[in-house]
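Each remark here refers to the structure printed beneath this line.
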Amino acid sequence: MWLALAFGSAFFLGCYDISKKKSLTGNAVIPVLFFNTLFCTLLLSPLFIISQLSPGTLQGTIFYIPPIALETHGYIVLKSILVLSSWILSYFAIKHLPLTIVGPINATRPVMTLVGALLIFGERLNFYQWIGVIITIVSFFLLSLSGRKEGIKFHRNKWVFFILFAAMLAAASGLYDKFLMQRFSSTAVQFWYNLYQWLLMVVILLVLWYPKRKISSPFEWRWSIILISVFLTIADFLYFYALTDSEAMISIASMVRRSSVLISFAGGALLFNEKNLKGKAIDLVLIIIAMFFLYLGTK
């Protein structure tokens with residue numbers, strides 16, 4: 001069940017990546033991120049209100065948001081800081097890099113998560129799972145070669161470093177997710193961490209962007225900004241719920257979640273007319289093969 005939820009999350013995460021690219025191209029990054037965190041919070045607010053005013057309506061279901069202790073809020077604030085830092089870096093990178101480059105780089109996050117899962121949670125991979133991991137690493141190397149054909153030198157391009165650092169923070173957040181989901185309500189964590197992210201973005205918007213708005217990239221409202229929040233909320237809801245399963249392996253779930261690159265790659269090819277698709281398609285095929293071996297490893 002947890003694996004099926006992870007694949008469902010991957011589909012919506014791919015749609016989320018496409019919506020981000022559409023919203024960020026030629027647009028101001030910080031306001032887009034501000035509205036993303038706002039709408040994510042608003043989408044979950046009805047569940048919070050119902051849970052507070054009429055607990056019996058949702059109690060016993062995954063949609064119920066129970067009261068949480070002050071100490072738990074501290075854990076969630078840390079989660080918010082990790083995710084928001086990753087988002088800020090990745091949003092700037094997505095604005096300046098082809099989606100067919102960003103997607104596969106993001107798909108390597110689970111390799112970082114894997115190392116942490118082995119060291120922290122004592123997870124052990126079987127033969128098929130190791131094959132999947134190795135193929136993923138190879139695909140990243142081939143991607144760097146594809147990027148050079150577009151003038152993107154991985155070791156000199158600052159936006160590549162932005163997306164790599166974003167991936168590292170996301171991997172840390174992924175490991176932290178398992179810790180949180182095994183101890184607290186997944187829906188409560190999702191609601192509160194979105195709320196705290198929005199509050200942090202209010203400060204960032206007012207302090208960093210608003211005073212310089214006339215000399216930086218102008219902000220243009222686009223309806224795809226709402227889609228970012230809708231797809232992300234669904235993707236996170238499925239993923240967090242998957243991690244509540246005591247048998248869920250964060251090393252595998254995070255890798256399956258990154259099969260979202262299939263959706264984002266298709267979006268880059270069909271909607272944004274990105275280049276060098278033939279070379280990147282090889283990398284994409286390798287990722288599909290890697291996902292197949294990971295699936296075999298869970299049978």
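The way I read the labels, and the way they are meant: chains A, B, ... in the order of the structure tokens, residue 1 as the first residue of every chain, and ligand 1 as the first ligand shown, with later ones counted on from there.
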Filtered DSSP result for stretch 35-251 of chain A, state helix (DSSP H, G or I), as number ranges by chain = A: 35-53, 55-58, 70-96, 99-106, 109-121, 127-148, 158-181, 186-212, 224-243, 250-251
task = Pick out the closest residue to A:Trp221 from this set: A:Leu3, A:Leu89, A:Ala69, A:Leu33. Count only C-alpha atoms.
result =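 Looking only at the distances to A:Trp221, the closest residue turns out to be A:Leu33.
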task = Check the smallest atom-to-atom distance from each of A:Leu243, A:Leu13, A:Ala266, A:Val230 to A:Phe35 using only C-alpha atoms, then report the winner.
result =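 The shortest atom-to-atom distance to A:Phe35 comes from A:Val230.
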task = Skip A:Leu284 itself and residues of its chain fewer than 3 positions away, then list as a list in words all residues within 9 Å of it, counting only C-alpha atoms.
result = Pro104, Ser139, Val261, Leu262, Phe265, Lys280, Ala281, Ile287, Ile288 and Ile289 of chain A
Could the residues in this selection be saved with N, CA and C atoms as an mmCIF file, in the first residue's frame?
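Final file, out_12.cif:
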data_model
loop_
_atom_site.group_PDB
_atom_site.id
_atom_site.type_symbol
_atom_site.label_atom_id
_atom_site.label_comp_id
_atom_site.auth_asym_id
_atom_site.auth_seq_id
_atom_site.Cartn_x
_atom_site.Cartn_y
_atom_site.Cartn_z
ATOM 1 N N PRO A 104 15.668 15.448 -13.776
ATOM 2 C CA PRO A 104 16.573 14.341 -13.461
ATOM 3 C C PRO A 104 17.516 14.621 -12.297
ATOM 4 N N SER A 139 22.708 7.560 -14.213
ATOM 5 C CA SER A 139 21.860 8.473 -14.978
ATOM 6 C C SER A 139 22.225 9.928 -14.700
ATOM 7 N N VAL A 261 9.961 12.551 -12.435
ATOM 8 C CA VAL A 261 10.723 13.085 -13.562
ATOM 9 C C VAL A 261 10.101 12.673 -14.894
ATOM 10 N N LEU A 262 9.382 11.547 -14.926
ATOM 11 C CA LEU A 262 8.718 11.119 -16.167
ATOM 12 C C LEU A 262 7.693 12.151 -16.599
ATOM 13 N N PHE A 265 9.540 15.594 -17.400
ATOM 14 C CA PHE A 265 10.249 15.495 -18.677
ATOM 15 C C PHE A 265 9.271 15.677 -19.832
ATOM 16 N N LYS A 280 18.732 13.334 -23.439
ATOM 17 C CA LYS A 280 18.141 13.269 -22.102
ATOM 18 C C LYS A 280 17.194 12.071 -21.977
ATOM 19 N N ALA A 281 16.645 11.628 -23.121
ATOM 20 C CA ALA A 281 15.735 10.479 -23.091
ATOM 21 C C ALA A 281 16.457 9.220 -22.615
ATOM 22 N N ILE A 287 16.274 5.927 -15.633
ATOM 23 C CA ILE A 287 15.503 6.163 -14.412
ATOM 24 C C ILE A 287 14.306 5.213 -14.349
ATOM 25 N N ILE A 288 13.654 4.986 -15.508
ATOM 26 C CA ILE A 288 12.531 4.037 -15.554
ATOM 27 C C ILE A 288 13.004 2.640 -15.163
ATOM 28 N N ILE A 289 14.152 2.236 -15.705
ATOM 29 C CA ILE A 289 14.706 0.917 -15.378
ATOM 30 C C ILE A 289 15.019 0.834 -13.890
#
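With only C-alpha atoms as the atoms that count, the minimum distance from A:Leu84 to the choices A:Tyr241, A:Trp130, A:Tyr196, A:Phe63 is reached by A:Tyr196.
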inquiry  = Residues within 10 Å of A:Met112, please, as a PyMOL selection string. Count only C-alpha atoms; anything in the same chain fewer than 2 positions from it doesn't count.
reply    = chain A and resi 108-110+114-117+167-172+174-175+251+254-255
request  = Please provide as an MDAnalysis selection string all residues within 9 Å of stretch 222-225 of chain A, with the sequence filter that same-chain residues fewer than 5 positions apart are discarded (counting only C-alpha atoms).
outcome  = chainID A and resid 19:20 22:24 32:33 35:36 39
task = Point out the residue among A:Met181, A:Ile81, A:Leu38, A:Ile62 with the least atom-to-atom distance to A:Ala248, counting only C-alpha atoms.
result =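 That would be A:Met181, the residue with the smallest distance to A:Ala248.
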